[in-house]
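A.B. asks: Just passing along the structure, written as structure tokens.
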Amino acid sequence: MPVILAALLLAYFTATSLHSVPQNFKSILSDSQHVQILDRNGEPLNRTYQNSWNVHDRVALHQVPEFLRHAFVLSEDKRFYQHAGPDWLARSSAVVANLKAMRSVRGASTITEQAVRMIHPRPRTVWSRWIEGFEAGMLEQHFSKDEILEFYLNQVPYAANRRGVVQAARYYFNRDLDTLSRKEMLALAVLVRAPGRLDLWRDTHRIEAGITRLASRLVQEELISAKESKNLLAQAFELQAPRLEVNATEFIRHVKRHPLLESAGWPYVRTTLDATLQQRIQTMLDNRLNHLAAKRVNNGAVLAVDHSSGEILAWVVAGKGAADTPGRFIDAVTAPRQPGSALKPMLYSLALEKGWSAATVIDDSPLSESVGHGLHSYNNYSRSFYGPVTLRQALGNSLNIPALKTLQYVGAKEYLGYLGKLGFEGLYRHPDYYGDGIALGNGEVTLYELVRAFTAIANLGVLRPLEVFADGLNTQLPRRVLSGEVASLLGHILSDPKARQLEFGENSILNFPVQTAVKTGTSSDYRDSWAVGFNYRYTVGVWMGNLDQRPMEGVSGSVGPALLLRSVFSELTRYQQTKPLPIHRGLVRQDICTEKSEPQTTGGQCKTYTEWFVPGTEPEVGNQVAETKLPIRLRRPTNGLHMAYDPRLPGEGQAFEFFIQGVSSDATVEWNINGEEIITRGGEYLWPLQKGEHSVKARVWREGELLAEIPKTAFLVK
């Protein structure tokens with residue numbers, strides 16, 4: 001009776017302890033949370049070993065070398081194809097051996113039982129072994145031997161969180177299974193016996209001993225000859241650390257933060273990145289930085305986009321090789337930096353939208369503006385001034401004075417709002433925070449934002465979200481941010497070699513073989529240098545600098561990034577049939593006569609050049625250039641300006657020029673200076689400097705019409 005009761009209790013507790021077996025192995029693997037990121041062609045960009053299961057590096061059983069399969073079966077479960085789950089004969093032998101030794105010297109877990117242990121982990125106890133035997137029998141009722149062996153070989157644990165023979169082969173030898181030697185295959189079979197203690201990278205002595213014993217058994221089973229065993233054991237291991245063919249760490253980080261990642265697929269996410277292109281651009285960027293190392297350039301980044309689809313093709317960050325490189329863990333593609341002149345196309349695009357044309361003339365002459373209580377004198381990069389220039393020349397040569405006057409025309413508040421519309425999310429402060437310097441790129445933007453904005457110009461005014469998923473999951477719709485005519489005109493200006501001759505010369509590095517709209521930029525003190533451009537299909541941005549804010553040694557956008565930009569475009573179009581940039585069919589073509597030209601013939605006609613216009617912005621008279629119309633505003637003095645009287649100079653030799661912009665030479669200005677009225681023609685007046693507190697206000701008249709009234713402005717002469 002007690003024996004029957006004990007048997008019933010044993011049966012009861014056994015039945016209640018059993019777990020159901022899965023209906024299929026795929027349902028188990030779906031518990032893994034980490035996906036693998038692939039490039040557009042299916043090449044892996046990352047490897048993750050934090051999953052509960054190996055879902056990324058699996059192979060079918062027929063893809064596992066036959067010798068490796070035989071080695072595992074012989075090593076782990078000789079009677080695998082004879083038993084029905086548990087091997088009770090092997091268990092009995094193990095019990096006898098362990099009792100004789102008075103310690104555990106043998107295990108008897110079959111491959112099926114080890115698979116059960118992976119599916120239902122339990123503490124390593126006698127009771128667990130008992131339950132696992134029954135569950136192994138249940139597993140073999142649902143799955144064939146080959147299915148169980150395939151699952152086992154793909155999920156068996158190794159050191160360093162690796163699972164399965166594929167991951168192990170890559171971890172130790174950086175090779176695929178079919179390239180392994182027989183000794184390396186035997187090592188994989190031996191290492192699974194104690195993955196927590198056995199690791200080829202730490203200790204080969206015990207593993208060599210295990211391989212020797214396993215090779216001897218293979219000889220006994222006539223799977224290899226004694227000579228083959230001897231030759232096999234004489235071989236030395238050639239360990240090789242695993243590495244990915246392409247470095248896309250920052251891009252992967254961006255993908256994993258994407259809100260649509262969970263909808264992108266499992267266990268693989270195929271992205272738009274081109275791994276081959278990524279690797280080639282990485283090499284080009286690293287080489288360029290090495291060449292510029294003497295000029296204190298440590299960091300760089302490249303973002304390449306197919307603007308026809310919005311797909312990101314390359315996201316390259318350099319400067320991470322040396323441990324002492326500052327900011328080497330920062331993603332330079334998304335790090336805010338000052339763009340300098342690289343942002344000027346956005347400023348001029350707004351001016352074109354508001355009615356200016358490429359032929360609008362802007363005076364490039366010395367200019368001083370208020371900064372705090374003082375005045376700051378602005379210069380062009382070359383320190384030269386060119387007098388009246390067209391908007392085409394101003395943008396093509398990246399002149400600073402015309403850019404400041406363009407900002408005065410469009411208004412700083414409206415310009416910042418326009419930049420927000422173009423996707424520059426970091427430029428959210430009040431216009432006073434940036435001052436006039438926003439026209440010269442003193443606000444911080446990212447390479448990602450800059451490239452995205454340039455794609456809008458390349459797409460004839462349509463801004464589309466940059467795509468990272470190959471299946472196009474973006475829910476944001478493209479939107480128009482500027483007219484197609486203005487966008488096309490900008491592309492024509494930025495790709496015009498003649499437009500940039502004043503500052504860059506006739507044979508500029510920016511004159512690409514394939515028509516490409518290019519803009520460079522350099523921030524103050526050479527802390528950042530940029531080159532951004534687009535052709536018929538691709539938009540690329542390059543940034544170089546130092547992420548710790550240290551200045552470079554004279555590396556401007558045309559010196560540093562431009563050469564690399566040229567190389568990247570050459571790589572992108574290497575095997576393609578190229579074409580020029582499109583000209584919007586709405587643009588109007590017209591010959592323009594410049595005021596500086598001399599008559600060509602006795603007819604008195606001046607030299608002309610051909611210009612493109614947005615309809616309605618063409619000059620009314622064919623032989624005249626358009627004139628800029630700036631809002632009437634007192635530029636000097638500014639409210640709160642402090643000036644110093646120099647006692648070493650004669651009083652009559654010290655004067656300060658009052659200046660009102662937007663006033664024509666035939667207009668009348670009524671100045672009221674400290675209550676005294678003075679009338680002048682035009683907007684300039686040379687005021688004799690006097691110590692003390694002063695104030696000025698003015699009214700502007702033309703042909704009896706009051707054009708503007710300038711409010712009172714206070715200033716101080718010390």
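Ordering of the structure tokens sets the chain letters (A, B, ...), residue numbers begin anew at 1 in every chain, and ligands are numbered from 1 in the order given.
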Distance table requested - range 203-299 of chain A against range 168-172 of chain A, cut-off 10 Å, only C-alpha atoms: one row per qualifying residue with the closest atom pair and its distance in Å to one decimal, ordered by chain and rising residue number, as CSV.
C.D. replies:
residue,atom,partner,partner_atom,distance
A:Phe237,CA,A:Tyr172,CA,9.5
A:Glu238,CA,A:Tyr172,CA,8.6
A:Leu239,CA,A:Tyr172,CA,5.5
A:Gln240,CA,A:Tyr172,CA,6.0
A:Ala241,CA,A:Tyr172,CA,6.3
A:Pro242,CA,A:Tyr171,CA,5.4
A:Arg243,CA,A:Arg170,CA,8.7
A.B. asks: So that I can see what lies close to His34 in chain A, please list as a list of chain:residue names the residues with an atom at most 12 Å from it, counting only C-alpha atoms and leaving out residues fewer than 4 positions away in the same chain.
C.D. replies: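 These residues fall inside the cut-off: A:Leu29, A:Ser30, A:Asn46, A:Arg47, A:Thr48, A:Tyr49, A:Gln50, A:Asn51, A:Ser52, A:Trp53, A:Asn54, A:Val55, A:His56, A:Lys256, A:Leu261, A:Glu262, A:Gly265, A:Trp266, A:Pro267, A:Tyr268, A:Val269.
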A.B. asks: A:Lys354, A:Arg537, A:Arg79, A:Arg500: which is nearest Ser309 in chain A, counting only C-alpha atoms?
C.D. replies: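 Among the listed residues, the smallest separation from Ser309 in chain A belongs to A:Arg537.
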A.B. asks: Just checking: using only C-alpha atoms, which residue out of A:Tyr409, A:Ser523, A:Pro619, A:Phe656 ends up closest to Ile632 in chain A?
C.D. replies: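 Nearest to Ile632 in chain A: A:Tyr409.
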A.B. asks: Can you list, as a list of chain:residue names, every protein, DNA or RNA residue that comes within 8 Å of range 226-235 of chain A when you count only C-alpha atoms, leaving out same-chain residues fewer than 5 positions away?
C.D. replies: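 Here the qualifying residues turn out to be A:Arg182, A:Lys183, A:Ile211, A:Thr212, A:Ala215, A:Ser216, A:Val219.
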A.B. asks: Nearest to Arg585 in chain A: which of A:Ile493, A:Val486, A:Met643, A:Ala499 is it, counting only C-alpha atoms?
C.D. replies: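 For Arg585 in chain A, the nearest of the candidates is A:Val486.
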A.B. asks: Can you tell me, as a PyMOL selection string, what residues are no more than 6 Å from Glu485 in chain A when counting only C-alpha atoms, ignoring any on the same chain fewer than 3 positions away?
C.D. replies: chain A and resi 488+584+587
A.B. asks: Give me, as a CSV table (one decimal) with N, CA and C atoms, in the first residue's frame, all polymer residues having an atom no more than 10 Å from Leu502 in chain A, counting only C-alpha atoms and skipping those fewer than 4 positions away in the same chain.
C.D. replies:
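Final output, saved to around.csv:
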chain,number,residue,atom,x,y,z
A,382,SER,N,37.1,87.2,-48.2
A,382,SER,CA,38.3,87.6,-48.8
A,382,SER,C,38.8,89.0,-48.4
A,384,SER,N,37.4,91.6,-49.4
A,384,SER,CA,37.2,92.5,-50.5
A,384,SER,C,35.8,92.9,-50.6
A,386,TYR,N,32.9,94.4,-53.5
A,386,TYR,CA,32.7,94.4,-54.9
A,386,TYR,C,31.7,95.4,-55.4
A,393,GLN,N,25.4,86.7,-58.0
A,393,GLN,CA,26.8,86.8,-57.6
A,393,GLN,C,26.9,86.7,-56.1
A,394,ALA,N,26.0,87.4,-55.4
A,394,ALA,CA,26.0,87.4,-53.9
A,394,ALA,C,26.0,86.0,-53.3
A,396,GLY,N,26.3,83.1,-55.1
A,396,GLY,CA,27.4,82.2,-55.7
A,396,GLY,C,28.7,82.4,-55.0
A,397,ASN,N,29.0,83.7,-54.7
A,397,ASN,CA,30.3,84.0,-54.0
A,397,ASN,C,30.2,84.0,-52.5
A,398,SER,N,29.0,83.8,-52.0
A,398,SER,CA,28.8,83.7,-50.5
A,398,SER,C,29.3,85.0,-49.8
A,399,LEU,N,28.9,86.1,-50.4
A,399,LEU,CA,29.2,87.4,-49.8
A,399,LEU,C,28.4,87.7,-48.6
A,498,LYS,N,30.2,80.5,-63.2
A,498,LYS,CA,30.5,82.0,-63.4
A,498,LYS,C,30.0,82.8,-62.2
A,506,GLU,N,37.9,80.9,-61.5
A,506,GLU,CA,37.3,80.2,-62.7
A,506,GLU,C,37.4,78.7,-62.6
A.B. asks: What separation in Å, quoted to one decimal, exists between CA of Val663 in chain A and CA of Tyr418 in chain A?
C.D. replies: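 These atoms are spaced 27.3 Å apart.
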A.B. asks: Mind listing the strand (DSSP E) residues of range 369-569 of chain A, per DSSP on the backbone, as a PyMOL selection string?
C.D. replies: chain A and resi 369-371+374-378+387-390+462-463+479-480+517-522+528-534+538-545
A.B. asks: For range 185-190 of chain A, work out the shell of residues within 8 Å, counting only C-alpha atoms and skipping chain neighbours fewer than 2 positions away, then give it as an NGL selection string.
C.D. replies: :A and (67-68 or 71-72 or 75 or 165 or 168-169 or 180-183 or 192-193 or 207-208 or 210-211 or 214-215)
A.B. asks: Report the residues of range 40-261 of chain A whose backbone DSSP state falls under helix (DSSP H, G or I), written as a PDB file with C-alpha atoms, in the first residue's frame.
C.D. replies:
ATOM      1  CA  LEU A  61      20.180  21.416 -40.746  1.00  0.00           C
ATOM      2  CA  HIS A  62      21.315  20.572 -44.267  1.00  0.00           C
ATOM      3  CA  GLN A  63      23.548  23.681 -44.184  1.00  0.00           C
ATOM      4  CA  GLU A  66      27.944  16.662 -41.937  1.00  0.00           C
ATOM      5  CA  PHE A  67      31.139  16.215 -39.916  1.00  0.00           C
ATOM      6  CA  LEU A  68      29.991  18.821 -37.410  1.00  0.00           C
ATOM      7  CA  ARG A  69      26.621  17.078 -37.020  1.00  0.00           C
ATOM      8  CA  HIS A  70      28.320  13.708 -36.418  1.00  0.00           C
ATOM      9  CA  ALA A  71      30.708  15.289 -33.893  1.00  0.00           C
ATOM     10  CA  PHE A  72      27.848  16.793 -31.881  1.00  0.00           C
ATOM     11  CA  VAL A  73      25.766  13.627 -31.846  1.00  0.00           C
ATOM     12  CA  LEU A  74      28.745  11.505 -30.820  1.00  0.00           C
ATOM     13  CA  SER A  75      29.821  13.998 -28.158  1.00  0.00           C
ATOM     14  CA  GLU A  76      26.436  14.835 -26.660  1.00  0.00           C
ATOM     15  CA  TRP A  88      17.192   5.625 -19.713  1.00  0.00           C
ATOM     16  CA  LEU A  89      20.095   3.277 -20.454  1.00  0.00           C
ATOM     17  CA  ALA A  90      22.560   6.150 -20.453  1.00  0.00           C
ATOM     18  CA  ARG A  91      20.991   7.511 -17.285  1.00  0.00           C
ATOM     19  CA  SER A  92      21.464   4.184 -15.491  1.00  0.00           C
ATOM     20  CA  SER A  93      25.116   4.034 -16.541  1.00  0.00           C
ATOM     21  CA  ALA A  94      25.642   7.577 -15.319  1.00  0.00           C
ATOM     22  CA  VAL A  95      24.104   6.815 -11.923  1.00  0.00           C
ATOM     23  CA  VAL A  96      26.380   3.808 -11.464  1.00  0.00           C
ATOM     24  CA  ALA A  97      29.469   5.811 -12.484  1.00  0.00           C
ATOM     25  CA  ASN A  98      28.602   8.673 -10.168  1.00  0.00           C
ATOM     26  CA  LEU A  99      27.962   6.341  -7.210  1.00  0.00           C
ATOM     27  CA  LYS A 100      31.281   4.622  -7.712  1.00  0.00           C
ATOM     28  CA  ALA A 101      33.135   7.933  -7.815  1.00  0.00           C
ATOM     29  CA  ILE A 111      20.107  16.421 -27.076  1.00  0.00           C
ATOM     30  CA  THR A 112      16.318  16.402 -26.780  1.00  0.00           C
ATOM     31  CA  GLU A 113      16.498  16.917 -23.008  1.00  0.00           C
ATOM     32  CA  GLN A 114      18.966  19.789 -23.507  1.00  0.00           C
ATOM     33  CA  ALA A 115      16.487  21.333 -25.938  1.00  0.00           C
ATOM     34  CA  VAL A 116      13.770  20.984 -23.271  1.00  0.00           C
ATOM     35  CA  ARG A 117      16.081  22.655 -20.728  1.00  0.00           C
ATOM     36  CA  MET A 118      16.512  25.613 -23.096  1.00  0.00           C
ATOM     37  CA  ILE A 119      12.750  25.892 -23.631  1.00  0.00           C
ATOM     38  CA  VAL A 126      17.334  15.507  -9.632  1.00  0.00           C
ATOM     39  CA  TRP A 127      13.648  16.412  -9.809  1.00  0.00           C
ATOM     40  CA  SER A 128      14.294  18.690 -12.804  1.00  0.00           C
ATOM     41  CA  ARG A 129      16.098  15.850 -14.568  1.00  0.00           C
ATOM     42  CA  TRP A 130      13.122  13.575 -13.891  1.00  0.00           C
ATOM     43  CA  ILE A 131      10.612  16.064 -15.364  1.00  0.00           C
ATOM     44  CA  GLU A 132      12.858  16.855 -18.348  1.00  0.00           C
ATOM     45  CA  GLY A 133      12.845  13.190 -19.313  1.00  0.00           C
ATOM     46  CA  PHE A 134       9.053  13.148 -19.715  1.00  0.00           C
ATOM     47  CA  GLU A 135       8.984  16.504 -21.498  1.00  0.00           C
ATOM     48  CA  ALA A 136      11.692  15.223 -23.880  1.00  0.00           C
ATOM     49  CA  GLY A 137       9.399  12.336 -24.764  1.00  0.00           C
ATOM     50  CA  MET A 138       6.549  14.780 -25.392  1.00  0.00           C
ATOM     51  CA  LEU A 139       8.836  16.931 -27.559  1.00  0.00           C
ATOM     52  CA  GLU A 140       9.775  13.986 -29.749  1.00  0.00           C
ATOM     53  CA  GLN A 141       6.099  13.223 -30.278  1.00  0.00           C
ATOM     54  CA  HIS A 142       5.637  16.666 -31.829  1.00  0.00           C
ATOM     55  CA  LYS A 145      14.732  14.145 -34.853  1.00  0.00           C
ATOM     56  CA  ASP A 146      16.078  16.463 -37.543  1.00  0.00           C
ATOM     57  CA  GLU A 147      13.876  19.340 -36.383  1.00  0.00           C
ATOM     58  CA  ILE A 148      15.071  18.904 -32.801  1.00  0.00           C
ATOM     59  CA  LEU A 149      18.730  18.672 -33.844  1.00  0.00           C
ATOM     60  CA  GLU A 150      18.385  21.788 -36.029  1.00  0.00           C
ATOM     61  CA  PHE A 151      16.830  23.715 -33.127  1.00  0.00           C
ATOM     62  CA  TYR A 152      19.549  22.508 -30.781  1.00  0.00           C
ATOM     63  CA  LEU A 153      22.466  23.416 -33.069  1.00  0.00           C
ATOM     64  CA  ASN A 154      21.033  26.905 -33.573  1.00  0.00           C
ATOM     65  CA  GLN A 155      20.296  27.589 -29.892  1.00  0.00           C
ATOM     66  CA  GLY A 164      24.235  28.313 -31.835  1.00  0.00           C
ATOM     67  CA  VAL A 165      27.117  27.064 -33.908  1.00  0.00           C
ATOM     68  CA  VAL A 166      26.988  29.956 -36.397  1.00  0.00           C
ATOM     69  CA  GLN A 167      27.495  32.620 -33.751  1.00  0.00           C
ATOM     70  CA  ALA A 168      30.198  30.535 -32.091  1.00  0.00           C
ATOM     71  CA  ALA A 169      32.085  30.089 -35.372  1.00  0.00           C
ATOM     72  CA  ARG A 170      32.031  33.844 -35.931  1.00  0.00           C
ATOM     73  CA  TYR A 171      32.968  34.628 -32.340  1.00  0.00           C
ATOM     74  CA  TYR A 172      36.090  32.454 -32.337  1.00  0.00           C
ATOM     75  CA  PHE A 173      37.126  32.266 -35.987  1.00  0.00           C
ATOM     76  CA  LEU A 177      30.508  27.025 -40.766  1.00  0.00           C
ATOM     77  CA  ASP A 178      31.445  25.629 -44.168  1.00  0.00           C
ATOM     78  CA  THR A 179      34.895  27.241 -43.958  1.00  0.00           C
ATOM     79  CA  ARG A 182      37.634  19.705 -38.690  1.00  0.00           C
ATOM     80  CA  LYS A 183      39.525  20.628 -35.529  1.00  0.00           C
ATOM     81  CA  GLU A 184      37.584  23.889 -35.301  1.00  0.00           C
ATOM     82  CA  MET A 185      34.348  21.930 -35.674  1.00  0.00           C
ATOM     83  CA  LEU A 186      35.389  19.605 -32.866  1.00  0.00           C
ATOM     84  CA  ALA A 187      36.123  22.638 -30.711  1.00  0.00           C
ATOM     85  CA  LEU A 188      32.531  23.819 -31.179  1.00  0.00           C
ATOM     86  CA  ALA A 189      31.294  20.390 -30.063  1.00  0.00           C
ATOM     87  CA  VAL A 190      33.505  20.416 -26.959  1.00  0.00           C
ATOM     88  CA  LEU A 191      32.776  24.008 -25.884  1.00  0.00           C
ATOM     89  CA  HIS A 205      44.448  23.609 -22.748  1.00  0.00           C
ATOM     90  CA  ARG A 206      41.279  21.972 -21.418  1.00  0.00           C
ATOM     91  CA  ILE A 207      39.594  22.336 -24.796  1.00  0.00           C
ATOM     92  CA  GLU A 208      42.525  20.623 -26.530  1.00  0.00           C
ATOM     93  CA  ALA A 209      42.160  17.718 -24.070  1.00  0.00           C
ATOM     94  CA  GLY A 210      38.442  17.460 -24.844  1.00  0.00           C
ATOM     95  CA  ILE A 211      39.148  17.526 -28.590  1.00  0.00           C
ATOM     96  CA  THR A 212      41.708  14.733 -28.194  1.00  0.00           C
ATOM     97  CA  ARG A 213      39.176  12.494 -26.426  1.00  0.00           C
ATOM     98  CA  LEU A 214      36.455  13.290 -28.970  1.00  0.00           C
ATOM     99  CA  ALA A 215      38.819  12.610 -31.900  1.00  0.00           C
ATOM    100  CA  SER A 216      39.650   9.238 -30.352  1.00  0.00           C
ATOM    101  CA  ARG A 217      35.960   8.337 -30.238  1.00  0.00           C
ATOM    102  CA  LEU A 218      35.576   9.406 -33.872  1.00  0.00           C
ATOM    103  CA  VAL A 219      38.381   7.018 -34.787  1.00  0.00           C
ATOM    104  CA  GLN A 220      36.657   4.227 -32.854  1.00  0.00           C
ATOM    105  CA  ALA A 226      43.935   7.475 -37.046  1.00  0.00           C
ATOM    106  CA  LYS A 227      46.123   9.449 -39.471  1.00  0.00           C
ATOM    107  CA  GLU A 228      43.428  12.091 -39.905  1.00  0.00           C
ATOM    108  CA  SER A 229      43.108  12.299 -36.138  1.00  0.00           C
ATOM    109  CA  LYS A 230      46.845  12.808 -35.726  1.00  0.00           C
ATOM    110  CA  ASN A 231      46.981  15.516 -38.385  1.00  0.00           C
ATOM    111  CA  LEU A 232      43.904  17.158 -36.971  1.00  0.00           C
ATOM    112  CA  LEU A 233      45.303  17.354 -33.440  1.00  0.00           C
ATOM    113  CA  ALA A 234      48.576  18.823 -34.699  1.00  0.00           C
ATOM    114  CA  THR A 249      26.758  52.576 -35.280  1.00  0.00           C
ATOM    115  CA  GLU A 250      25.179  56.031 -35.384  1.00  0.00           C
ATOM    116  CA  PHE A 251      22.697  55.103 -38.099  1.00  0.00           C
ATOM    117  CA  ILE A 252      21.626  52.023 -36.133  1.00  0.00           C
ATOM    118  CA  ARG A 253      21.120  54.193 -33.053  1.00  0.00           C
ATOM    119  CA  HIS A 254      18.939  56.516 -35.108  1.00  0.00           C
ATOM    120  CA  VAL A 255      16.892  53.588 -36.458  1.00  0.00           C
ATOM    121  CA  LYS A 256      16.352  52.132 -32.981  1.00  0.00           C
ATOM    122  CA  LEU A 261      10.630  50.605 -35.476  1.00  0.00           C
TER     123      LEU A 261
END
A.B. asks: As a PyMOL selection string, please: the residues near range 672-682 of chain A (cut-off 12 Å, only C-alpha atoms, same-chain neighbours under 5 positions excluded).
C.D. replies: chain A and resi 632+637+658-667+687-690+692-702+709-716
